[in-house]
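Trainee: Below you'll find data26.cif; it's mmCIF, C-alpha atoms.
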```
data_data
loop_
_atom_site.label_atom_id
_atom_site.label_comp_id
_atom_site.auth_asym_id
_atom_site.auth_seq_id
_atom_site.Cartn_x
_atom_site.Cartn_y
_atom_site.Cartn_z
CA MET A 8 115.83 38.16 -18.02
CA SER A 9 117.35 40.13 -20.88
CA PHE A 10 117.00 43.89 -21.05
CA MET A 11 114.90 43.63 -24.23
CA ARG A 12 112.48 41.12 -22.69
CA SER A 13 112.24 43.30 -19.56
CA VAL A 14 111.22 46.22 -21.73
CA VAL A 15 108.65 44.07 -23.53
CA VAL A 16 107.17 42.81 -20.25
CA LEU A 17 107.04 46.31 -18.79
CA PHE A 18 105.35 47.52 -21.96
CA PHE A 19 102.80 44.73 -21.65
CA VAL A 20 102.14 45.55 -17.98
CA SER A 21 101.70 49.22 -18.84
CA LEU A 22 98.87 48.25 -21.17
CA LEU A 23 96.94 46.21 -18.62
CA PRO A 24 94.56 49.07 -17.66
CA ILE A 25 93.66 49.48 -21.35
CA VAL A 26 93.13 45.76 -21.80
CA ALA A 27 90.97 45.57 -18.69
CA SER A 28 88.69 48.28 -20.04
CA ALA A 29 87.82 46.30 -23.16
CA GLN A 30 84.07 45.92 -23.44
CA TRP A 31 81.07 45.51 -25.72
CA ILE A 32 79.20 48.77 -26.25
CA LYS A 33 75.56 48.26 -27.18
CA GLN A 34 74.30 50.53 -29.95
CA ASN A 35 71.02 52.40 -30.02
CA VAL A 36 69.27 50.94 -33.07
CA ASN A 37 65.52 51.28 -33.58
CA THR A 38 64.70 47.64 -34.27
CA THR A 39 63.74 44.49 -32.41
CA ALA A 40 64.73 42.17 -35.24
CA SER A 41 66.91 39.18 -34.51
CA LEU A 42 70.12 39.99 -36.38
CA ARG A 43 72.48 37.40 -37.84
CA GLY A 44 73.79 38.78 -41.12
CA LEU A 45 76.79 41.07 -40.58
CA SER A 46 79.26 42.76 -42.91
CA VAL A 47 81.92 45.16 -41.61
CA VAL A 48 83.35 47.19 -44.47
CA ASN A 49 85.66 49.42 -42.43
CA GLU A 50 85.69 51.49 -39.23
CA LYS A 51 82.80 53.62 -40.45
CA ILE A 52 80.60 51.37 -42.58
CA VAL A 53 78.71 48.36 -41.17
CA TRP A 54 75.69 46.51 -42.55
CA ALA A 55 73.58 43.89 -40.75
CA SER A 56 70.38 41.97 -41.49
CA GLY A 57 67.77 39.83 -39.79
CA THR A 58 64.14 38.94 -39.28
CA GLY A 59 61.16 40.85 -40.59
CA GLY A 60 62.96 41.76 -43.81
CA THR A 61 65.24 44.02 -41.80
CA VAL A 62 68.53 45.57 -42.91
CA ILE A 63 70.48 48.13 -40.87
CA ARG A 64 73.41 50.30 -41.91
CA THR A 65 75.77 52.85 -40.41
CA ILE A 66 78.22 54.98 -42.35
CA ASP A 67 79.54 56.95 -39.38
CA GLY A 68 80.90 54.22 -37.12
CA GLY A 69 77.64 53.63 -35.26
CA LYS A 70 76.67 57.21 -34.41
CA THR A 71 73.54 56.84 -36.51
CA TRP A 72 71.80 53.82 -38.05
CA ASN A 73 69.42 53.43 -40.95
CA VAL A 74 66.76 50.77 -40.36
CA ILE A 75 65.38 49.45 -43.64
CA ILE A 76 62.54 47.01 -44.31
CA VAL A 77 63.05 45.54 -47.77
CA PRO A 78 59.79 45.96 -49.75
CA GLY A 79 58.04 42.64 -50.32
CA ALA A 80 60.35 40.86 -47.89
CA GLU A 81 58.60 41.71 -44.63
CA LYS A 82 58.21 38.03 -43.71
CA LEU A 83 61.73 36.98 -44.66
CA ASP A 84 64.69 36.28 -42.40
CA PHE A 85 67.90 37.71 -43.85
CA ARG A 86 70.61 35.53 -42.29
CA ASP A 87 73.56 36.85 -44.30
CA ALA A 88 74.84 40.14 -45.70
CA GLU A 89 77.84 40.93 -47.90
CA ALA A 90 78.68 44.63 -48.29
CA PHE A 91 81.45 46.47 -50.12
CA ASP A 92 80.89 50.15 -49.44
CA ALA A 93 78.18 52.55 -48.26
CA ASN A 94 76.03 51.77 -51.30
CA THR A 95 76.57 48.17 -52.38
CA ALA A 96 75.38 45.08 -50.51
CA TYR A 97 73.85 41.65 -51.04
CA ILE A 98 71.47 40.03 -48.55
CA LEU A 99 70.33 36.41 -48.41
CA SER A 100 67.15 35.11 -46.82
CA ILE A 101 66.66 31.56 -45.61
CA GLY A 102 63.73 29.18 -45.77
CA ASN A 103 62.18 26.41 -47.77
CA GLY A 104 61.44 26.95 -51.44
CA GLU A 105 60.93 30.54 -52.52
CA SER A 106 61.71 31.93 -49.07
CA SER A 107 65.39 31.52 -49.97
CA ARG A 108 66.26 34.64 -51.94
CA ILE A 109 69.10 37.02 -52.77
CA TYR A 110 68.61 40.78 -53.05
CA LYS A 111 71.12 43.48 -53.95
CA THR A 112 71.27 47.24 -53.47
CA THR A 113 73.60 49.72 -55.16
CA ASP A 114 72.14 52.87 -53.63
CA GLY A 115 72.60 52.33 -49.91
CA GLY A 116 69.38 50.39 -49.40
CA THR A 117 67.01 52.89 -50.98
CA THR A 118 66.04 50.30 -53.57
CA TRP A 119 66.60 46.55 -53.79
CA LYS A 120 66.77 44.24 -56.77
CA LEU A 121 65.55 40.67 -56.28
CA GLN A 122 68.28 38.70 -58.08
CA PHE A 123 67.53 35.11 -57.12
CA THR A 124 64.50 33.17 -55.91
CA ASN A 125 64.96 29.50 -55.10
CA LYS A 126 62.69 27.21 -57.12
CA ASN A 127 63.97 23.91 -55.72
CA GLU A 128 61.53 22.70 -53.06
CA LYS A 129 64.27 20.60 -51.46
CA ALA A 130 66.70 23.48 -51.10
CA PHE A 131 67.22 25.69 -48.06
CA PHE A 132 69.85 28.38 -48.53
CA ASP A 133 72.17 29.22 -45.65
CA ALA A 134 74.80 31.76 -46.67
CA ILE A 135 76.43 33.93 -49.32
CA ALA A 136 80.11 34.89 -49.67
CA CYS A 137 81.94 37.09 -52.18
CA TRP A 138 85.44 37.51 -53.56
CA ASP A 139 84.52 40.97 -54.83
CA LYS A 140 81.35 42.89 -55.63
CA ASN A 141 80.78 40.96 -58.87
CA ASN A 142 81.93 37.45 -57.96
CA CYS A 143 79.96 35.64 -55.26
CA ILE A 144 78.84 32.17 -54.24
CA ALA A 145 75.82 31.02 -52.22
CA MET A 146 74.97 27.66 -50.71
CA SER A 147 72.00 25.54 -49.72
CA ASP A 148 71.75 22.57 -47.43
CA PRO A 149 72.32 19.26 -49.26
CA VAL A 150 69.93 18.19 -51.97
CA ASP A 151 70.27 14.50 -52.85
CA ASN A 152 73.47 14.26 -50.76
CA LYS A 153 75.23 17.22 -52.37
CA PHE A 154 75.49 20.79 -51.17
CA LEU A 155 73.69 22.99 -53.68
CA LEU A 156 75.79 25.95 -54.87
CA ILE A 157 75.08 28.93 -57.10
CA LYS A 158 77.34 31.73 -58.31
CA THR A 159 77.41 35.11 -59.99
CA ALA A 160 80.30 36.40 -62.09
CA ASP A 161 78.79 39.76 -63.01
CA GLY A 162 77.06 40.79 -59.78
CA THR A 163 73.66 40.37 -61.40
CA ARG A 164 72.88 36.91 -62.79
CA TRP A 165 73.05 33.72 -60.73
CA SER A 166 73.61 30.22 -62.10
CA PRO A 167 74.13 26.73 -60.63
CA ILE A 168 77.60 25.34 -59.96
CA ASP A 169 78.08 21.73 -61.01
CA THR A 170 78.68 19.83 -57.75
CA SER A 171 78.46 16.34 -59.21
CA LYS A 172 82.10 15.71 -58.29
CA MET A 173 81.86 17.32 -54.88
CA PRO A 174 82.30 14.85 -51.99
CA PRO A 175 78.83 13.61 -50.98
CA THR A 176 77.33 14.61 -47.68
CA LEU A 177 76.62 12.15 -44.90
CA GLU A 178 73.10 11.19 -43.96
CA GLY A 179 71.96 13.90 -41.55
CA GLU A 180 74.76 16.31 -42.45
CA ALA A 181 73.87 19.93 -43.23
CA ALA A 182 75.00 23.50 -42.58
CA PHE A 183 73.85 26.04 -40.00
CA ALA A 184 72.43 29.40 -41.08
CA ALA A 185 73.44 30.83 -37.73
CA SER A 186 75.81 33.66 -38.63
CA GLY A 187 76.38 33.68 -42.36
CA THR A 188 79.85 32.25 -41.80
CA CYS A 189 79.30 28.57 -42.55
CA LEU A 190 80.49 29.66 -46.01
CA ILE A 191 83.40 32.05 -46.58
CA THR A 192 85.76 33.06 -49.36
CA GLN A 193 89.52 33.37 -48.97
CA GLY A 194 91.93 35.23 -51.22
CA ASN A 195 91.09 35.51 -54.90
CA THR A 196 89.73 32.00 -55.54
CA GLY A 197 89.44 30.09 -52.24
CA ALA A 198 86.24 29.03 -50.49
CA PHE A 199 85.41 27.09 -47.32
CA LEU A 200 82.14 25.47 -46.25
CA VAL A 201 81.53 23.88 -42.83
CA SER A 202 78.94 21.33 -41.75
CA GLY A 203 77.15 19.98 -38.70
CA GLY A 204 74.62 17.38 -37.62
CA SER A 205 75.90 13.87 -38.23
CA GLY A 206 79.20 15.28 -39.50
CA ALA A 207 81.49 18.15 -38.54
CA ARG A 208 83.53 18.60 -41.67
CA VAL A 209 85.30 21.34 -43.62
CA PHE A 210 84.88 21.45 -47.40
CA ARG A 211 87.47 23.53 -49.24
CA SER A 212 87.83 24.78 -52.81
CA LYS A 213 90.70 26.53 -54.57
CA ASP A 214 88.82 27.41 -57.77
CA ARG A 215 85.74 29.36 -56.66
CA GLY A 216 83.64 26.33 -55.86
CA HIS A 217 84.10 24.23 -58.97
CA THR A 218 86.07 21.45 -57.26
CA TRP A 219 86.12 20.51 -53.58
CA ALA A 220 88.01 18.42 -51.04
CA VAL A 221 86.73 17.61 -47.55
CA ALA A 222 88.39 17.12 -44.15
CA GLU A 223 87.14 15.55 -40.95
CA THR A 224 87.43 17.60 -37.75
CA PRO A 225 87.32 16.82 -34.00
CA VAL A 226 84.48 19.28 -33.34
CA ALA A 227 81.43 17.88 -31.54
CA LYS A 228 78.89 16.21 -33.83
CA GLY A 229 76.12 13.58 -33.82
CA ALA A 230 73.19 15.64 -32.54
CA PRO A 231 70.97 17.68 -34.87
CA GLY A 232 72.12 20.90 -33.19
CA SER A 233 75.83 20.11 -33.03
CA GLY A 234 78.75 20.65 -35.37
CA ILE A 235 80.73 23.50 -36.89
CA PHE A 236 78.89 26.81 -37.12
CA SER A 237 81.55 29.24 -38.28
CA ILE A 238 84.96 29.38 -39.93
CA ALA A 239 87.52 32.18 -40.27
CA MET A 240 90.78 32.05 -42.22
CA ARG A 241 93.65 34.36 -41.34
CA ASP A 242 95.33 33.51 -44.65
CA SER A 243 95.46 30.60 -47.07
CA LYS A 244 97.02 28.29 -44.45
CA ASN A 245 95.86 29.33 -40.99
CA GLY A 246 92.30 29.29 -39.75
CA VAL A 247 89.86 28.44 -36.96
CA ILE A 248 86.45 26.79 -36.65
CA VAL A 249 83.96 27.08 -33.80
CA GLY A 250 80.71 25.38 -32.92
CA GLY A 251 79.31 23.06 -30.30
CA ASN A 252 75.65 22.34 -29.68
CA TYR A 253 73.19 25.23 -29.86
CA GLU A 254 70.69 23.20 -27.85
CA LYS A 255 73.24 23.19 -24.99
CA PRO A 256 74.65 26.74 -25.18
CA GLU A 257 76.65 26.51 -21.94
CA GLU A 258 78.34 23.24 -22.89
CA SER A 259 82.08 23.67 -23.39
CA VAL A 260 83.26 20.53 -25.17
CA ASN A 261 85.11 20.13 -28.47
CA ASN A 262 83.95 23.46 -29.89
CA PHE A 263 87.19 25.02 -31.17
CA ALA A 264 89.77 23.71 -33.64
CA VAL A 265 92.61 25.18 -35.71
CA THR A 266 94.40 24.49 -38.98
CA SER A 267 97.84 25.48 -40.25
CA ASP A 268 97.75 23.62 -43.58
CA GLY A 269 94.90 25.28 -45.39
CA GLY A 270 92.14 23.14 -43.89
CA GLN A 271 93.52 19.72 -44.73
CA THR A 272 93.82 18.84 -41.03
CA TRP A 273 92.21 20.31 -37.93
CA ILE A 274 93.52 20.09 -34.37
CA LEU A 275 91.33 20.51 -31.30
CA ALA A 276 92.25 23.56 -29.22
CA GLU A 277 91.29 24.47 -25.67
CA ALA A 278 87.50 24.65 -25.56
CA LEU A 279 85.70 27.98 -25.59
CA SER A 280 83.28 28.76 -22.78
CA GLY A 281 80.16 27.62 -24.62
CA TYR A 282 78.50 27.05 -27.97
CA ARG A 283 79.81 29.57 -30.50
CA SER A 284 78.08 30.54 -33.76
CA GLY A 285 80.55 33.12 -35.06
CA VAL A 286 84.30 33.71 -35.09
CA THR A 287 86.59 36.37 -36.55
CA TYR A 288 90.23 37.42 -36.44
CA ILE A 289 91.04 40.76 -34.81
CA ASP A 290 94.62 40.50 -35.99
CA SER A 291 97.02 37.71 -36.91
CA ARG A 292 97.11 36.31 -33.36
CA SER A 293 93.80 37.25 -31.79
CA ILE A 294 90.23 36.10 -32.36
CA VAL A 295 86.75 36.79 -31.06
CA ALA A 296 84.18 33.98 -30.88
CA VAL A 297 80.54 34.64 -30.00
CA GLY A 298 77.38 32.74 -29.19
CA THR A 299 74.11 33.00 -27.33
CA SER A 300 75.89 32.42 -24.02
CA GLY A 301 78.45 35.19 -24.53
CA ALA A 302 81.78 35.91 -26.17
CA ASP A 303 85.40 34.80 -25.87
CA VAL A 304 88.40 36.92 -26.78
CA LEU A 305 91.58 34.93 -27.22
CA LYS A 306 95.20 35.62 -28.08
CA LYS A 307 97.32 32.72 -29.33
CA GLY A 308 94.51 30.40 -28.26
CA LYS A 309 94.40 31.63 -24.66
CA PRO A 310 91.85 33.92 -22.96
CA VAL A 311 93.08 37.51 -22.85
CA TRP A 312 90.19 39.54 -21.52
CA GLY A 313 88.05 36.73 -20.25
CA THR A 314 84.54 35.80 -21.24
CA THR A 315 81.54 38.08 -21.67
CA LYS A 316 78.34 36.41 -20.49
CA SER A 317 76.12 39.46 -20.04
CA GLU A 318 75.07 39.62 -23.69
CA SER A 319 73.74 37.19 -26.30
CA PHE A 320 75.35 37.24 -29.74
CA ASN A 321 74.77 35.55 -33.09
CA SER A 322 77.51 36.91 -35.36
CA VAL A 323 80.81 38.76 -35.17
CA GLN A 324 83.10 40.34 -37.75
CA SER A 325 86.23 42.47 -37.71
CA LYS A 326 88.26 44.49 -40.18
CA SER A 327 90.80 45.71 -37.60
CA LYS A 328 91.15 46.16 -33.85
CA ASP A 329 89.12 49.36 -34.25
CA ALA A 330 86.34 47.74 -36.28
CA VAL A 331 85.04 44.75 -34.29
CA TRP A 332 81.26 44.36 -34.35
CA ALA A 333 78.71 41.78 -33.23
CA VAL A 334 74.94 41.39 -33.60
CA GLY A 335 72.35 39.32 -31.79
CA PRO A 336 68.72 38.84 -30.78
CA ASN A 337 66.20 41.62 -30.19
CA GLY A 338 68.01 44.25 -32.25
CA GLY A 339 71.30 43.73 -30.45
CA VAL A 340 74.22 45.56 -32.11
CA PHE A 341 77.53 45.80 -30.29
CA ARG A 342 80.90 47.42 -30.92
CA TYR A 343 83.96 45.99 -29.23
CA VAL A 344 86.05 48.73 -27.64
CA GLY A 345 89.53 48.16 -26.33
CA ALA A 346 90.69 45.40 -28.68
CA VAL A 347 94.36 46.22 -28.05
CA THR A 348 96.80 43.37 -28.70
CA VAL A 349 100.40 42.98 -27.65
CA THR A 350 103.06 40.76 -29.20
CA LEU A 351 105.53 39.27 -26.74
CA THR A 352 108.80 37.81 -28.01
CA ASP A 353 109.54 34.29 -26.83
#
```
Starting from the file, give its structure as structure tokens.

Mentor:
Amino acid sequence: MSFMRSVVVLFFVSLLPIVASAQWIKQNVNTTASLRGLSVVNEKIVWASGTGGTVIRTIDGGKTWNVIIVPGAEKLDFRDAEAFDANTAYILSIGNGESSRIYKTTDGGTTWKLQFTNKNEKAFFDAIACWDKNNCIAMSDPVDNKFLLIKTADGTRWSPIDTSKMPPTLEGEAAFAASGTCLITQGNTGAFLVSGGSGARVFRSKDRGHTWAVAETPVAKGAPGSGIFSIAMRDSKNGVIVGGNYEKPEESVNNFAVTSDGGQTWILAEALSGYRSGVTYIDSRSIVAVGTSGADVLKKGKPVWGTTKSESFNSVQSKSKDAVWAVGPNGGVFRYVGAVTVTLTD
């Protein structure tokens, strides 16, 4: 063993006590809402949303939390949140018809502007994603075999995107409003959309949703509760998808795949320890994947700190190793502490 590799190995060993102490720290938040929407702005600012018209926010890294009930939305389920600072955030509610809505605040949640109310009785919105605070896209489950998409280019007005040339959906194919990450943006103009049910496919766009291509994946599909639930892209080429079957949360089969060519092809990776509804990168080599049966932390596709099964999660998001957060049922808000990663030379 070379001297340099010996130093690297010793350095790695010296960090083992820190790695072993990694854990999820549950926050004291005065809500029992089931939380699924999550937006981590930085180490201090985090927004989340959920049932009962609930939005929560911290601007001090979790020391204190504001619990907000959006006026007129007390019966809505906010499944997705997109925030940009302590004051500005969008939230999206799910449901048939007019239950699917988009609200926005620019004053930290003191007031909310209802920007969009769905009028299509066939539509059921799942998620919202933004390139910046003025340019966003939102999606509904398929209507007449096409995903329904809307956009804003000024942060205020929403309009339909023409999806007539988008690849048609399969019979029984839809998206899961499980974590707000069935739709994501990437870079300045990229977007990705993942599906489940009869198909487990990745739709990708390079022009903010105006044109799309689609790729098959090896993730489990065929049952109403199976497919891809979440996607995360490290950059324009490298990304991961997670899923499984939410009706069988402990099942560990074909629930994790990776791409290195921008989503054109997906390769099955070693299965995670159960159904996973959310995934995020901690850094360029490490990810966290969460679900109702727990969480997996992996480095280069291999378990690093094992699996957490003591908590139930819906969503996870990270901005750095010091800003890894997850949310779940019954007001569950968790901060991941100890996300230290080590790079070994081969």

Trainee: If the PyMOL selection byres ((chain A and resi 158) around 7) were run on this exact file, what residues would it hold? Put them as JSON, numbers by chain.

Mentor: {"A": [143, 144, 145, 156, 157, 159, 160, 165, 166, 167, 168]}

Trainee: Given the file shown, determine the residues that the PyMOL selection byres ((chain A and resi 123) around 10) selects; report them as a list of chain:residue names.

Mentor: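 Going through the file, the PyMOL selection byres ((chain A and resi 123) around 10) ends up selecting A:Leu99, A:Glu105, A:Ser107, A:Arg108, A:Ile109, A:Tyr110, A:Lys111, A:Lys120, A:Leu121, A:Gln122, A:Thr124, A:Asn125, A:Lys126, A:Ile157, A:Thr163, A:Arg164, A:Trp165, A:Ser166.
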
Trainee: Please list, as a PyMOL selection string, the residues that have an atom at most 10 Å away from (70.1, 26.9, -42.1) in the coordinates of this file, counting all atoms listed in the file.

Mentor: chain A and resi 86+100-103+131-134+146-148+181-187+189

Trainee: Convert the current residue selection to file output with C-alpha atoms, as an mmCIF file, in the coordinates of the input.

Mentor:
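Final output, out05.cif:
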```
data_model
loop_
_atom_site.group_PDB
_atom_site.id
_atom_site.type_symbol
_atom_site.label_atom_id
_atom_site.label_comp_id
_atom_site.auth_asym_id
_atom_site.auth_seq_id
_atom_site.Cartn_x
_atom_site.Cartn_y
_atom_site.Cartn_z
ATOM 1 C CA ARG A 86 70.610 35.530 -42.290
ATOM 2 C CA SER A 100 67.150 35.110 -46.820
ATOM 3 C CA ILE A 101 66.660 31.560 -45.610
ATOM 4 C CA GLY A 102 63.730 29.180 -45.770
ATOM 5 C CA ASN A 103 62.180 26.410 -47.770
ATOM 6 C CA PHE A 131 67.220 25.690 -48.060
ATOM 7 C CA PHE A 132 69.850 28.380 -48.530
ATOM 8 C CA ASP A 133 72.170 29.220 -45.650
ATOM 9 C CA ALA A 134 74.800 31.760 -46.670
ATOM 10 C CA MET A 146 74.970 27.660 -50.710
ATOM 11 C CA SER A 147 72.000 25.540 -49.720
ATOM 12 C CA ASP A 148 71.750 22.570 -47.430
ATOM 13 C CA ALA A 181 73.870 19.930 -43.230
ATOM 14 C CA ALA A 182 75.000 23.500 -42.580
ATOM 15 C CA PHE A 183 73.850 26.040 -40.000
ATOM 16 C CA ALA A 184 72.430 29.400 -41.080
ATOM 17 C CA ALA A 185 73.440 30.830 -37.730
ATOM 18 C CA SER A 186 75.810 33.660 -38.630
ATOM 19 C CA GLY A 187 76.380 33.680 -42.360
ATOM 20 C CA CYS A 189 79.300 28.570 -42.550
#
```

Trainee: Report, in Å with one decimal, the straight-line distance from atom CA of Ala88 of chain A to atom CA of Ile52 of chain A.

Mentor: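 The value is 13.0 Å.
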
Trainee: Might you spell out which residues the PyMOL selection byres ((chain A and resi 216-226) around 9) would select in the displayed file, as a PyMOL selection string?

Mentor: chain A and resi 144+156+158+168-170+172-174+196-199+206-215+227-228+233-235+248-251+260-264+270-275

Trainee: Near Ile63 of chain A, counting all atoms listed in the file, which residues have an atom at most 8 Å away, once you skip same-chain residues fewer than 2 positions from it, shown as a PyMOL selection string?

Mentor: chain A and resi 54-56+61+65+72-75

Trainee: Give me a file of those residues, with C-alpha atoms, as a tab-separated table (two decimals), in the coordinates of the input.

Mentor:
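Contents of out_11.tsv, as written:
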```tsv
chain	number	residue	atom	x	y	z
A	54	TRP	CA	75.69	46.51	-42.55
A	55	ALA	CA	73.58	43.89	-40.75
A	56	SER	CA	70.38	41.97	-41.49
A	61	THR	CA	65.24	44.02	-41.80
A	65	THR	CA	75.77	52.85	-40.41
A	72	TRP	CA	71.80	53.82	-38.05
A	73	ASN	CA	69.42	53.43	-40.95
A	74	VAL	CA	66.76	50.77	-40.36
A	75	ILE	CA	65.38	49.45	-43.64
```

Trainee: Counting only C-alpha atoms, what is within 6 Å of Lys51 of chain A, bar same-chain residues fewer than 2 positions away, as a ChimeraX atom specification?

Mentor: /A:49,66-68

Trainee: Distance atom CA of Val311 of chain A-atom CA of Trp332 of chain A, one decimal place?

Mentor: 17.9 Å

Trainee: So that I can check the surroundings of Arg283 of chain A, please list as a list in words every protein, DNA and RNA residue that reaches within 9 Å of it, counting all atoms listed in the file and ignoring chain neighbours fewer than 6 positions away.

Mentor: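 The contact residues come out as Ile235, Phe236, Ser237, Val249, Gly250, Gly251, Asn252, Tyr253, Pro256, Asn262, Phe263, Ala296, Val297, Gly298, Thr299, Ser300, Gly301, Ala302, Asp303, Phe320 and Asn321 of chain A.
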
Trainee: Leaving out segment 338-347 of chain A and any residue of its chain fewer than 6 positions from it, which residues lie within 8 Å of it when counting all atoms listed in the file, given as a list of chain:residue names?

Mentor: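 What passes the distance filter is A:Ile25, A:Val26, A:Ser28, A:Ala29, A:Gln30, A:Trp31, A:Ile32, A:Lys33, A:Gln34, A:Asn35, A:Val36, A:Asn37, A:Thr38, A:Thr39, A:Ala40, A:Ser41, A:Leu42, A:Ile289, A:Phe320, A:Lys328, A:Asp329, A:Ala330, A:Val331, A:Trp332.
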
Trainee: Produce the centre coordinates and the three edge lengths, each in Å to one decimal, of the box along x, y and z that contains all listed atoms of segment 211-224 of chain A with 4 Å added on each side, as lines of an AutoDock Vina configuration file.

Mentor:
```
center_x = 87.2
center_y = 22.5
center_z = -48.4
size_x = 15.1
size_y = 21.8
size_z = 29.2
```

Trainee: So that I can check the surroundings of Lys244 of chain A, please list as a PDB file with C-alpha atoms, in the frame of the given file every protein, DNA and RNA residue that reaches within 7 Å of it, counting all atoms listed in the file and ignoring chain neighbours fewer than 6 positions away.

Mentor:
```pdb
ATOM      1  CA  SER A 267      97.840  25.480 -40.250  1.00  0.00           C
ATOM      2  CA  ASP A 268      97.750  23.620 -43.580  1.00  0.00           C
ATOM      3  CA  GLY A 269      94.900  25.280 -45.390  1.00  0.00           C
TER       4      GLY A 269
END
```

Trainee: From (77.1, 46.3, -53.4), in the file's coordinates, out to 8 Å: which residues are reached, counting only C-alpha atoms? Answer as number ranges by chain.

Mentor: A: 89-92, 94-97, 111-113, 140

Trainee: Atom CA of Met240 of chain A to atom CA of Thr287 of chain A: how many Å, to one decimal?

Mentor: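 One can read the atom CA of Met240 of chain A to atom CA of Thr287 of chain A distance as 8.3 Å.
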
Trainee: Select, from A:Gly59, A:Val77, A:Gly281, A:Arg64, the residue with the minimum atom-to-atom distance to Val47 of chain A, counting all atoms listed in the file.

Mentor: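 Comparing A:Gly59, A:Val77, A:Gly281, A:Arg64 against Val47 of chain A, the winner is A:Arg64.
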